file data.tsv (TSV, C-alpha atoms)
chain	number	residue	atom	x	y	z
A	1	MET	CA	0.00	0.00	0.00
A	2	PRO	CA	1.49	3.38	-0.99
A	3	LYS	CA	2.46	5.48	2.01
A	4	GLY	CA	-0.39	7.68	3.15
A	5	SER	CA	-3.12	5.92	1.12
A	6	GLY	CA	-4.59	4.42	4.30
A	7	GLN	CA	-4.55	7.66	6.25
A	8	LYS	CA	-8.36	7.90	6.31
A	9	LEU	CA	-8.42	4.49	8.04
A	10	LYS	CA	-5.90	5.52	10.67
A	11	LEU	CA	-8.31	5.17	13.60
A	12	TYR	CA	-9.46	1.74	12.39
A	13	TYR	CA	-5.90	0.46	12.01
A	14	LEU	CA	-4.90	1.83	15.41
A	15	ALA	CA	-7.84	0.04	17.04
A	16	LYS	CA	-6.90	-3.17	15.20
A	17	ILE	CA	-3.28	-2.92	16.38
A	18	MET	CA	-4.29	-2.27	19.99
A	19	LEU	CA	-6.79	-5.15	20.06
A	20	GLU	CA	-4.49	-7.66	18.37
A	21	LYS	CA	-1.16	-6.79	19.96
A	22	THR	CA	-1.91	-5.58	23.48
A	23	ASP	CA	-3.53	-7.06	26.57
A	24	ASP	CA	-2.99	-6.91	30.34
A	25	GLU	CA	0.45	-8.53	29.93
A	26	HIS	CA	1.58	-6.86	26.69
A	27	MET	CA	1.79	-3.08	26.25
A	28	MET	CA	2.88	-0.74	23.47
A	29	SER	CA	4.73	2.57	23.44
A	30	MET	CA	3.92	5.50	21.14
A	31	ALA	CA	7.04	4.74	19.08
A	32	GLU	CA	5.89	1.13	18.59
A	33	MET	CA	2.41	2.31	17.53
A	34	ILE	CA	3.96	4.60	14.93
A	35	THR	CA	6.02	1.70	13.56
A	36	GLU	CA	2.99	-0.60	13.43
A	37	LEU	CA	0.90	2.03	11.64
A	38	GLU	CA	3.62	2.46	9.04
A	39	GLU	CA	3.06	-1.20	8.07
A	40	TYR	CA	-0.43	-0.12	6.94
A	41	GLY	CA	0.88	2.89	5.05
A	42	VAL	CA	-0.29	5.30	7.76
A	43	SER	CA	1.90	8.11	9.08
A	44	ALA	CA	1.49	9.40	12.63
A	45	ASP	CA	3.14	11.51	15.28
A	46	ARG	CA	2.88	11.48	19.05
A	47	LYS	CA	0.49	14.44	19.29
A	48	SER	CA	-2.01	12.95	16.83
A	49	LEU	CA	-1.81	9.55	18.56
A	50	TYR	CA	-2.81	11.10	21.89
A	51	ASP	CA	-5.96	12.43	20.20
A	52	ASP	CA	-6.59	9.10	18.44
A	53	LEU	CA	-6.32	7.07	21.64
A	54	GLN	CA	-8.71	9.48	23.32
A	55	ALA	CA	-11.14	9.04	20.41
A	56	LEU	CA	-10.94	5.25	20.74
A	57	SER	CA	-11.76	5.58	24.44
A	58	VAL	CA	-14.82	7.67	23.61
A	59	LEU	CA	-15.88	4.99	21.10
A	60	GLY	CA	-15.79	2.37	23.87
A	61	LEU	CA	-12.33	0.83	23.63
A	62	ASP	CA	-10.83	0.45	27.11
A	63	ILE	CA	-7.44	2.15	26.49
A	64	ILE	CA	-5.21	2.09	29.57
A	65	GLY	CA	-2.00	4.08	29.83
A	66	GLU	CA	0.68	3.29	32.43
A	67	LYS	CA	4.03	4.86	33.27
A	68	ILE	CA	6.73	2.22	33.48
A	69	GLY	CA	10.17	3.53	34.32
A	70	ARG	CA	10.75	6.59	32.17
A	71	GLY	CA	8.35	5.53	29.42
A	72	PHE	CA	4.59	5.53	28.97
A	73	TYR	CA	2.87	2.41	27.64
A	74	TYR	CA	-0.66	1.62	26.50
A	75	HIS	CA	-2.83	-1.48	26.25
A	76	VAL	CA	-6.47	-2.50	25.91
A	77	GLY	CA	-8.10	-3.55	29.18
A	78	ASN	CA	-11.63	-4.96	29.08
A	79	LYS	CA	-12.60	-6.61	25.79
A	80	HIS	CA	-15.76	-8.27	24.49
A	81	PHE	CA	-14.69	-11.52	26.17
A	82	GLU	CA	-12.34	-12.33	29.01
A	83	ILE	CA	-9.72	-14.96	28.12
A	84	ALA	CA	-11.27	-17.32	30.71
A	85	GLU	CA	-14.69	-16.96	29.03
A	86	LEU	CA	-13.22	-17.76	25.62
A	87	LYS	CA	-11.46	-20.84	27.00
A	88	LEU	CA	-14.83	-22.14	28.19
A	89	LEU	CA	-16.39	-21.48	24.77
A	90	VAL	CA	-13.49	-23.14	22.98
A	91	ASP	CA	-13.73	-26.22	25.21
A	92	ALA	CA	-17.47	-26.46	24.57
A	93	ILE	CA	-16.98	-26.24	20.81
A	94	GLN	CA	-14.10	-28.69	20.73
A	95	SER	CA	-15.86	-31.30	22.86
A	96	SER	CA	-19.23	-30.97	21.13
A	97	LYS	CA	-20.00	-34.00	18.99
A	98	PHE	CA	-22.65	-32.27	16.90
A	99	ILE	CA	-20.19	-29.72	15.44
A	100	THR	CA	-17.91	-31.14	12.74
A	101	GLU	CA	-14.15	-30.87	13.09
A	102	LYS	CA	-14.00	-28.42	10.17
A	103	LYS	CA	-16.70	-26.16	11.67
A	104	SER	CA	-15.07	-26.41	15.11
A	105	ASN	CA	-11.80	-25.09	13.72
A	106	GLU	CA	-13.60	-22.27	11.88
A	107	LEU	CA	-15.47	-21.19	15.02
A	108	ILE	CA	-12.37	-21.31	17.20
A	109	LYS	CA	-10.46	-19.22	14.66
A	110	LYS	CA	-13.21	-16.59	14.82
A	111	LEU	CA	-13.11	-16.58	18.62
A	112	THR	CA	-9.37	-15.90	18.62
A	113	SER	CA	-10.07	-12.61	16.83
A	114	PHE	CA	-11.55	-11.29	20.08
A	115	VAL	CA	-8.20	-11.42	21.88
A	116	SER	CA	-4.62	-10.38	21.30
A	117	VAL	CA	-2.22	-12.60	19.35
A	118	TYR	CA	-0.58	-13.54	22.65
A	119	GLU	CA	-3.86	-14.62	24.27
A	120	ALA	CA	-4.81	-16.45	21.06
A	121	MET	CA	-1.79	-18.70	21.62
A	122	GLN	CA	-3.30	-19.77	24.95
A	123	LEU	CA	-6.50	-20.79	23.18
A	124	LYS	CA	-4.58	-22.74	20.55
A	125	ARG	CA	-2.63	-24.61	23.20
A	126	GLN	CA	-5.82	-25.37	25.05
A	127	VAL	CA	-7.61	-27.00	22.11
A	128	MET	CA	-4.96	-29.55	21.10
A	129	VAL	CA	-7.33	-32.44	21.86
A	130	GLN	CA	-7.48	-35.00	19.07
A	131	GLY	CA	-9.49	-38.16	18.50
A	132	ARG	CA	-12.87	-36.98	19.78
A	133	ILE	CA	-15.79	-38.37	17.81
A	134	LYS	CA	-17.40	-35.63	15.74
A	135	THR	CA	-20.49	-35.61	13.57
A	136	MET	CA	-19.87	-35.88	9.82
A	137	ASN	CA	-22.95	-33.86	8.88
A	138	GLU	CA	-21.46	-30.60	7.58
A	139	SER	CA	-24.92	-29.10	7.02
A	140	ILE	CA	-25.92	-29.20	10.70
A	141	TYR	CA	-25.42	-25.41	11.07
A	142	TYR	CA	-27.99	-24.76	8.39
A	143	ILE	CA	-30.39	-27.42	9.65
A	144	VAL	CA	-30.41	-25.77	13.10
A	145	ASP	CA	-30.97	-22.40	11.42
A	146	GLU	CA	-33.91	-23.79	9.42
A	147	ILE	CA	-35.45	-25.27	12.57
A	148	HIS	CA	-35.20	-21.92	14.35
A	149	ARG	CA	-36.77	-20.25	11.30
A	150	ALA	CA	-39.63	-22.75	11.31
A	151	ILE	CA	-40.26	-22.15	15.03
A	152	ALA	CA	-40.19	-18.36	14.54
A	153	ASN	CA	-42.60	-18.60	11.60
A	154	ASN	CA	-44.88	-21.20	13.27
A	155	ARG	CA	-44.41	-23.73	10.45
A	156	VAL	CA	-44.43	-27.52	10.12
A	157	ILE	CA	-41.22	-28.99	8.71
A	158	ARG	CA	-40.48	-32.12	6.74
A	159	PHE	CA	-37.18	-33.99	6.53
A	160	ARG	CA	-35.54	-37.33	5.92
A	161	TYR	CA	-34.38	-39.10	9.07
A	162	MET	CA	-31.23	-41.15	8.59
A	163	LYS	CA	-29.39	-44.03	10.26
A	164	TRP	CA	-26.09	-45.85	9.79
A	165	ASN	CA	-26.01	-49.25	8.09
A	166	THR	CA	-23.30	-51.91	8.38
A	167	ASP	CA	-21.56	-50.52	5.30
A	168	LYS	CA	-21.07	-47.26	7.27
A	169	GLU	CA	-23.50	-45.43	5.02
A	170	MET	CA	-26.25	-43.05	6.07
A	171	VAL	CA	-29.57	-44.40	4.81
A	172	PRO	CA	-33.21	-43.32	5.43
A	173	ARG	CA	-34.92	-44.95	8.41
A	174	ARG	CA	-38.04	-45.23	6.29
A	175	GLU	CA	-39.31	-44.23	2.87
A	176	GLY	CA	-40.54	-40.68	2.44
A	177	PHE	CA	-40.37	-37.67	4.73
A	178	TYR	CA	-41.11	-37.15	8.41
A	179	ARG	CA	-43.55	-34.26	9.02
A	180	VAL	CA	-43.47	-32.67	12.47
A	181	SER	CA	-44.21	-29.41	14.29
A	182	PRO	CA	-40.91	-28.13	15.77
A	183	TRP	CA	-41.13	-26.55	19.22
A	184	ALA	CA	-37.72	-26.67	20.88
A	185	LEU	CA	-34.07	-27.67	20.57
A	186	ILE	CA	-32.25	-29.47	23.38
A	187	TRP	CA	-28.52	-30.07	23.76
A	188	ASP	CA	-28.18	-33.30	25.72
A	189	ASP	CA	-25.23	-35.67	26.15
A	190	GLU	CA	-23.23	-33.62	23.59
A	191	ASN	CA	-25.90	-34.00	20.90
A	192	TYR	CA	-28.53	-31.62	19.52
A	193	TYR	CA	-32.14	-32.83	19.53
A	194	LEU	CA	-35.26	-31.40	17.96
A	195	ILE	CA	-38.31	-31.66	20.22
A	196	ALA	CA	-41.43	-31.75	18.08
A	197	HIS	CA	-45.08	-32.74	17.93
A	198	ASP	CA	-45.63	-35.76	15.69
A	199	GLU	CA	-49.10	-35.59	14.18
A	200	GLU	CA	-49.10	-39.25	13.15
A	201	SER	CA	-48.79	-40.49	16.74
A	202	ASP	CA	-50.17	-37.29	18.35
A	203	SER	CA	-47.24	-37.22	20.77
A	204	ILE	CA	-44.04	-35.37	21.63
A	205	ARG	CA	-41.01	-36.92	19.92
A	206	HIS	CA	-37.33	-36.04	19.66
A	207	TYR	CA	-34.91	-36.37	16.74
A	208	ARG	CA	-31.11	-36.18	16.53
A	209	VAL	CA	-30.43	-33.06	14.47
A	210	ASP	CA	-27.26	-34.48	12.89
A	211	LYS	CA	-29.35	-37.38	11.51
A	212	MET	CA	-31.77	-35.04	9.74
A	213	GLN	CA	-31.39	-34.30	6.02
A	214	ASP	CA	-33.24	-32.41	3.28
A	215	ILE	CA	-35.16	-30.28	5.78
A	216	GLU	CA	-37.91	-28.08	4.30
A	217	LEU	CA	-40.40	-25.59	5.75
A	218	THR	CA	-44.00	-26.17	4.68
A	219	ASP	CA	-46.94	-23.77	4.49
A	220	GLU	CA	-48.74	-25.64	7.28
A	221	LYS	CA	-49.02	-24.08	10.73
A	222	ARG	CA	-47.57	-25.96	13.69
A	223	ARG	CA	-49.71	-28.28	15.77
A	224	GLY	CA	-49.43	-29.51	19.34
A	225	ARG	CA	-49.39	-26.15	21.11
A	226	ASP	CA	-51.33	-27.51	24.10
A	227	SER	CA	-48.79	-30.35	24.52
A	228	PHE	CA	-45.98	-27.83	24.89
A	229	LYS	CA	-47.63	-25.34	27.24
A	230	ALA	CA	-46.25	-27.18	30.26
A	231	PHE	CA	-43.20	-28.64	28.50
A	232	ASP	CA	-40.08	-28.63	30.70
A	233	PRO	CA	-36.87	-29.32	28.69
A	234	ALA	CA	-34.80	-30.13	31.80
A	235	SER	CA	-37.39	-32.60	33.08
A	236	TYR	CA	-37.68	-34.19	29.64
A	237	SER	CA	-33.90	-34.76	29.49
A	238	ARG	CA	-33.83	-36.27	32.99
A	239	LYS	CA	-36.59	-38.76	32.20
A	240	ASN	CA	-35.24	-39.88	28.84
A	241	PHE	CA	-31.96	-41.71	29.42
A	242	GLY	CA	-29.64	-41.02	26.48
A	243	MET	CA	-32.73	-39.42	24.92
A	244	TYR	CA	-34.30	-42.86	24.39
A	245	ALA	CA	-38.04	-42.48	24.83
A	246	GLY	CA	-40.36	-44.86	26.64
A	247	GLU	CA	-43.44	-45.07	28.81
A	248	GLU	CA	-43.25	-42.40	31.52
A	249	ILE	CA	-43.59	-43.96	34.94
A	250	ARG	CA	-42.86	-43.18	38.59
A	251	VAL	CA	-40.22	-45.58	39.90
A	252	LYS	CA	-39.17	-46.27	43.47
A	253	LEU	CA	-35.43	-46.70	43.96
A	254	MET	CA	-33.48	-47.93	46.98
A	255	PHE	CA	-29.81	-46.96	47.06
A	256	LYS	CA	-26.70	-46.81	49.23
A	257	GLU	CA	-25.56	-43.53	50.75
A	258	GLU	CA	-22.33	-43.42	48.70
A	259	ILE	CA	-24.17	-42.90	45.42
A	260	VAL	CA	-26.54	-40.15	46.55
A	261	GLY	CA	-24.53	-37.75	44.40
A	262	VAL	CA	-25.21	-39.87	41.32
A	263	LEU	CA	-28.96	-39.62	41.94
A	264	ILE	CA	-28.85	-35.86	42.51
A	265	ASP	CA	-26.69	-35.33	39.40
A	266	ARG	CA	-29.21	-37.31	37.35
A	267	PHE	CA	-32.55	-36.14	38.77
A	268	GLY	CA	-31.75	-32.86	40.52
A	269	LYS	CA	-31.85	-31.61	44.10
A	270	ASP	CA	-35.65	-31.59	44.26
A	271	ILE	CA	-35.94	-35.36	44.70
A	272	LYS	CA	-37.06	-36.45	48.17
A	273	ILE	CA	-34.60	-38.75	49.92
A	274	ASN	CA	-35.80	-40.86	52.84
A	275	LYS	CA	-33.96	-43.20	55.18
A	276	THR	CA	-34.93	-46.87	55.22
A	277	LYS	CA	-34.81	-49.45	58.00
A	278	GLU	CA	-31.64	-50.90	56.48
A	279	LYS	CA	-28.53	-49.09	57.67
A	280	GLY	CA	-26.81	-47.05	54.96
A	281	TRP	CA	-29.73	-47.40	52.52
A	282	TYR	CA	-32.08	-44.67	51.33
A	283	GLU	CA	-35.04	-44.49	48.97
A	284	THR	CA	-36.57	-42.03	46.54
A	285	TYR	CA	-39.19	-41.78	43.79
A	286	VAL	CA	-38.26	-40.53	40.31
A	287	GLU	CA	-40.07	-40.02	37.02
A	288	VAL	CA	-38.40	-41.88	34.13
A	289	ALA	CA	-39.09	-42.95	30.57
A	290	LEU	CA	-38.91	-46.72	30.89
A	291	SER	CA	-36.34	-48.00	28.40
A	292	ASP	CA	-33.40	-50.38	28.04
A	293	GLN	CA	-31.14	-47.39	28.64
A	294	PHE	CA	-32.72	-46.78	32.05
A	295	PHE	CA	-32.21	-50.43	32.97
A	296	GLY	CA	-28.63	-50.19	31.70
A	297	TRP	CA	-28.04	-47.21	34.00
A	298	ILE	CA	-29.38	-49.19	36.96
A	299	PHE	CA	-27.24	-52.20	36.02
A	300	ALA	CA	-24.09	-50.04	35.77
A	301	LEU	CA	-24.53	-48.93	39.40
A	302	GLY	CA	-24.31	-52.58	40.49
A	303	LYS	CA	-25.06	-53.52	44.08
A	304	ASN	CA	-25.48	-49.90	45.15
A	305	ILE	CA	-29.03	-49.53	43.85
A	306	LYS	CA	-32.19	-51.56	43.23
A	307	ILE	CA	-35.65	-50.96	41.82
A	308	THR	CA	-38.29	-51.64	44.47
A	309	GLY	CA	-41.43	-50.48	42.71
A	310	PRO	CA	-43.76	-50.65	40.98
A	311	LYS	CA	-43.87	-54.44	40.76
A	312	SER	CA	-44.32	-54.39	36.98
A	313	VAL	CA	-41.00	-52.54	36.53
A	314	VAL	CA	-39.19	-54.89	38.91
A	315	THR	CA	-40.54	-57.86	36.94
A	316	LYS	CA	-39.51	-56.30	33.61
A	317	PHE	CA	-35.99	-55.65	34.90
A	318	LYS	CA	-35.69	-59.28	36.03
A	319	GLN	CA	-36.82	-60.43	32.59
A	320	GLU	CA	-34.20	-58.21	30.95
A	321	LEU	CA	-31.50	-59.70	33.19
A	322	GLU	CA	-32.63	-63.24	32.31
A	323	ALA	CA	-32.57	-62.42	28.62
A	324	LEU	CA	-29.01	-61.11	28.98
A	325	LYS	CA	-27.92	-64.30	30.80
A	326	LYS	CA	-29.15	-66.40	27.89
A	327	LEU	CA	-26.88	-64.50	25.51
A	328	TYR	CA	-23.88	-65.76	27.46

call {"tool": "encode", "arguments": {"input": "data.tsv", "output": "structure tokens"}}
result
Amino acid sequence: MPKGSGQKLKLYYLAKIMLEKTDDEHMMSMAEMITELEEYGVSADRKSLYDDLQALSVLGLDIIGEKIGRGFYYHVGNKHFEIAELKLLVDAIQSSKFITEKKSNELIKKLTSFVSVYEAMQLKRQVMVQGRIKTMNESIYYIVDEIHRAIANNRVIRFRYMKWNTDKEMVPRREGFYRVSPWALIWDDENYYLIAHDEESDSIRHYRVDKMQDIELTDEKRRGRDSFKAFDPASYSRKNFGMYAGEEIRVKLMFKEEIVGVLIDRFGKDIKINKTKEKGWYETYVEVALSDQFFGWIFALGKNIKITGPKSVVTKFKQELEALKKLY
């Protein structure tokens, strides 16, 4: 760029330099600012820089000046995000299964633009975690956007719902399209789920967003409003283990004191815990969607927990255990 051709953008370039190359640990002198501006073809002197830094402060940039020894140095203080906040966001993106590896890298790169080049290095070091399973559905961003648009416009959607076959190919679960009324999105167990009213069964169903393809908005208005008036996403996630649906039922559990934390983590602090006559054992009632995944959760806790009611659930669990024994 010819010298002086970027003079009209002087304030922009100065803000860019301060945001990218200063933070609480890295400061810049007037002489260094002048040198950096020259790289953009912008000339400056100390007097004009004082006015420019003041202008940036008025515009909302937190310019801090400090006297160190005989010199005076400047840096940007508060930014849009604290480095600790960005580390949390980066971890969430990197560990999320529903965001592809390519999209994860793109998002993280954008987040690093909110901090200095020095702080960006901390983020890059933090995200060197390889081998995590990621979705392969590159269009998930746009599917989520379409779902939000359908909810905002009160429209039914249609889509193909896919599954993996033994040849590692995504194939439709059934012929034709699913037609549902979208009402909410839930992020559970590192996956995104659409919560919708299914007209065919007249019930609330959920669908893995990364398994949805060819989504389209229709001209039909959504149905199932009454079903969602009292819908509680947190309660729905607690009841549906691994988001596998089943008959909702109130189950009585008896458990040892050492796993009380497991119960609270799963069902929340509102569950009532009562002592039993057996020393070290407690009991509680919880609402669950009865499924193999619920039984698997109980089985994984071993001798520390048992289902004590209702009798029909106890019987079903025993039958499941017998069926498993026959496999071996």

call {"tool": "atom_distance", "arguments": {"input": "data.tsv", "atom1": "CA of Leu49 (chain A)", "atom2": "CA of Arg70 (chain A)"}}
result
18.8 Å

call {"tool": "closest_residue", "arguments": {"input": "data.tsv", "among": "A:Asn105, A:Asn154, A:Thr284, A:Gln94", "to": "Ala184 (chain A)", "atoms": "all atoms listed in the file"}}
result
A:Asn154

call {"tool": "residues_around", "arguments": {"input": "data.tsv", "residues": "Gln319 (chain A)", "least_positions_apart": "6", "cutoff": "12 Å", "atoms": "all atoms listed in the file", "output": "list in words"}}
result
Asp292, Phe295, Ser312, Val313, Lys325 and Lys326 of chain A

call {"tool": "residues_around", "arguments": {"input": "data.tsv", "residues": "Glu175 (chain A)", "least_positions_apart": "3", "cutoff": "12 Å", "atoms": "all atoms listed in the file", "output": "compact mmCIF listing (two decimals) with C-alpha atoms, in the frame of the given file"}}
result
# COMPACT_ATOMS: atom_id res chain seq x y z
CA PHE A 159 -37.18 -33.99 6.53
CA ARG A 160 -35.54 -37.33 5.92
CA TYR A 161 -34.38 -39.10 9.07
CA MET A 162 -31.23 -41.15 8.59
CA VAL A 171 -29.57 -44.40 4.81
CA PRO A 172 -33.21 -43.32 5.43
CA TYR A 178 -41.11 -37.15 8.41

call {"tool": "atom_distance", "arguments": {"input": "data.tsv", "atom1": "CA of Ile64 (chain A)", "atom2": "CA of Val76 (chain A)"}}
result
6.0 Å

call {"tool": "atom_distance", "arguments": {"input": "data.tsv", "atom1": "CA of Thr315 (chain A)", "atom2": "CA of Leu290 (chain A)"}}
result
12.8 Å

call {"tool": "residues_around", "arguments": {"input": "data.tsv", "residues": "Met27 (chain A)", "least_positions_apart": "3", "cutoff": "7 Å", "atoms": "all atoms listed in the file", "output": "JSON, numbers by chain"}}
result
{"A": [22, 23, 73, 74, 75]}

call {"tool": "residues_around", "arguments": {"input": "data.tsv", "residues": "Met170 (chain A)", "least_positions_apart": "5", "cutoff": "12 Å", "atoms": "all atoms listed in the file", "output": "count of residues only"}}
result
12

call {"tool": "residues_around", "arguments": {"input": "data.tsv", "residues": "Leu89 (chain A)", "least_positions_apart": "2", "cutoff": "12 Å", "atoms": "all atoms listed in the file", "output": "PDB file with C-alpha atoms, in the frame of the given file"}}
result
ATOM      1  CA  PHE A  81     -14.690 -11.520  26.170  1.00  0.00           C
ATOM      2  CA  GLU A  82     -12.340 -12.330  29.010  1.00  0.00           C
ATOM      3  CA  ILE A  83      -9.720 -14.960  28.120  1.00  0.00           C
ATOM      4  CA  ALA A  84     -11.270 -17.320  30.710  1.00  0.00           C
ATOM      5  CA  GLU A  85     -14.690 -16.960  29.030  1.00  0.00           C
ATOM      6  CA  LEU A  86     -13.220 -17.760  25.620  1.00  0.00           C
ATOM      7  CA  LYS A  87     -11.460 -20.840  27.000  1.00  0.00           C
ATOM      8  CA  ASP A  91     -13.730 -26.220  25.210  1.00  0.00           C
ATOM      9  CA  ALA A  92     -17.470 -26.460  24.570  1.00  0.00           C
ATOM     10  CA  ILE A  93     -16.980 -26.240  20.810  1.00  0.00           C
ATOM     11  CA  GLN A  94     -14.100 -28.690  20.730  1.00  0.00           C
ATOM     12  CA  SER A  95     -15.860 -31.300  22.860  1.00  0.00           C
ATOM     13  CA  SER A  96     -19.230 -30.970  21.130  1.00  0.00           C
ATOM     14  CA  SER A 104     -15.070 -26.410  15.110  1.00  0.00           C
ATOM     15  CA  LEU A 107     -15.470 -21.190  15.020  1.00  0.00           C
ATOM     16  CA  ILE A 108     -12.370 -21.310  17.200  1.00  0.00           C
ATOM     17  CA  LYS A 109     -10.460 -19.220  14.660  1.00  0.00           C
ATOM     18  CA  LYS A 110     -13.210 -16.590  14.820  1.00  0.00           C
ATOM     19  CA  LEU A 111     -13.110 -16.580  18.620  1.00  0.00           C
ATOM     20  CA  THR A 112      -9.370 -15.900  18.620  1.00  0.00           C
ATOM     21  CA  LEU A 123      -6.500 -20.790  23.180  1.00  0.00           C
ATOM     22  CA  GLN A 126      -5.820 -25.370  25.050  1.00  0.00           C
ATOM     23  CA  VAL A 127      -7.610 -27.000  22.110  1.00  0.00           C
TER      24      VAL A 127
END

call {"tool": "build_atoms", "arguments": {"input": "data.tsv", "residues": "region 212-234 of chain A", "atoms": "N, CA and C atoms", "output": "CSV table (one decimal), in the coordinates of the input"}}
result
chain,number,residue,atom,x,y,z
A,212,MET,N,-30.7,-35.6,10.6
A,212,MET,CA,-31.8,-35.0,9.7
A,212,MET,C,-31.2,-34.5,8.4
A,213,GLN,N,-31.8,-34.8,7.3
A,213,GLN,CA,-31.4,-34.3,6.0
A,213,GLN,C,-32.6,-33.8,5.2
A,214,ASP,N,-32.2,-32.9,4.2
A,214,ASP,CA,-33.2,-32.4,3.3
A,214,ASP,C,-34.4,-31.7,4.0
A,215,ILE,N,-34.1,-30.9,5.0
A,215,ILE,CA,-35.2,-30.3,5.8
A,215,ILE,C,-35.8,-29.2,4.9
A,216,GLU,N,-37.2,-29.1,5.0
A,216,GLU,CA,-37.9,-28.1,4.3
A,216,GLU,C,-39.0,-27.5,5.2
A,217,LEU,N,-39.2,-26.2,5.1
A,217,LEU,CA,-40.4,-25.6,5.8
A,217,LEU,C,-41.6,-25.8,4.9
A,218,THR,N,-42.8,-26.1,5.4
A,218,THR,CA,-44.0,-26.2,4.7
A,218,THR,C,-44.9,-24.9,4.9
A,219,ASP,N,-46.0,-24.9,4.3
A,219,ASP,CA,-46.9,-23.8,4.5
A,219,ASP,C,-47.9,-24.1,5.6
A,220,GLU,N,-47.8,-25.3,6.2
A,220,GLU,CA,-48.7,-25.6,7.3
A,220,GLU,C,-48.3,-25.0,8.6
A,221,LYS,N,-49.3,-24.6,9.4
A,221,LYS,CA,-49.0,-24.1,10.7
A,221,LYS,C,-48.8,-25.2,11.7
A,222,ARG,N,-47.9,-24.9,12.7
A,222,ARG,CA,-47.6,-26.0,13.7
A,222,ARG,C,-48.8,-26.4,14.5
A,223,ARG,N,-48.7,-27.7,14.9
A,223,ARG,CA,-49.7,-28.3,15.8
A,223,ARG,C,-49.1,-28.7,17.1
A,224,GLY,N,-49.9,-29.0,18.1
A,224,GLY,CA,-49.4,-29.5,19.3
A,224,GLY,C,-49.1,-28.5,20.4
A,225,ARG,N,-49.7,-27.2,20.2
A,225,ARG,CA,-49.4,-26.2,21.1
A,225,ARG,C,-49.8,-26.5,22.5
A,226,ASP,N,-50.9,-27.2,22.7
A,226,ASP,CA,-51.3,-27.5,24.1
A,226,ASP,C,-50.3,-28.5,24.8
A,227,SER,N,-49.7,-29.4,24.0
A,227,SER,CA,-48.8,-30.4,24.5
A,227,SER,C,-47.5,-29.7,25.1
A,228,PHE,N,-47.2,-28.5,24.5
A,228,PHE,CA,-46.0,-27.8,24.9
A,228,PHE,C,-46.2,-26.7,25.9
A,229,LYS,N,-47.4,-26.4,26.3
A,229,LYS,CA,-47.6,-25.3,27.2
A,229,LYS,C,-46.9,-25.6,28.6
A,230,ALA,N,-46.9,-26.8,29.0
A,230,ALA,CA,-46.2,-27.2,30.3
A,230,ALA,C,-45.0,-28.0,30.0
A,231,PHE,N,-44.4,-27.9,28.8
A,231,PHE,CA,-43.2,-28.6,28.5
A,231,PHE,C,-42.0,-28.1,29.3
A,232,ASP,N,-41.3,-29.0,29.9
A,232,ASP,CA,-40.1,-28.6,30.7
A,232,ASP,C,-38.9,-29.4,30.1
A,233,PRO,N,-38.0,-28.7,29.3
A,233,PRO,CA,-36.9,-29.3,28.7
A,233,PRO,C,-36.0,-30.1,29.7
A,234,ALA,N,-35.7,-29.5,30.8
A,234,ALA,CA,-34.8,-30.1,31.8
A,234,ALA,C,-35.4,-31.4,32.3
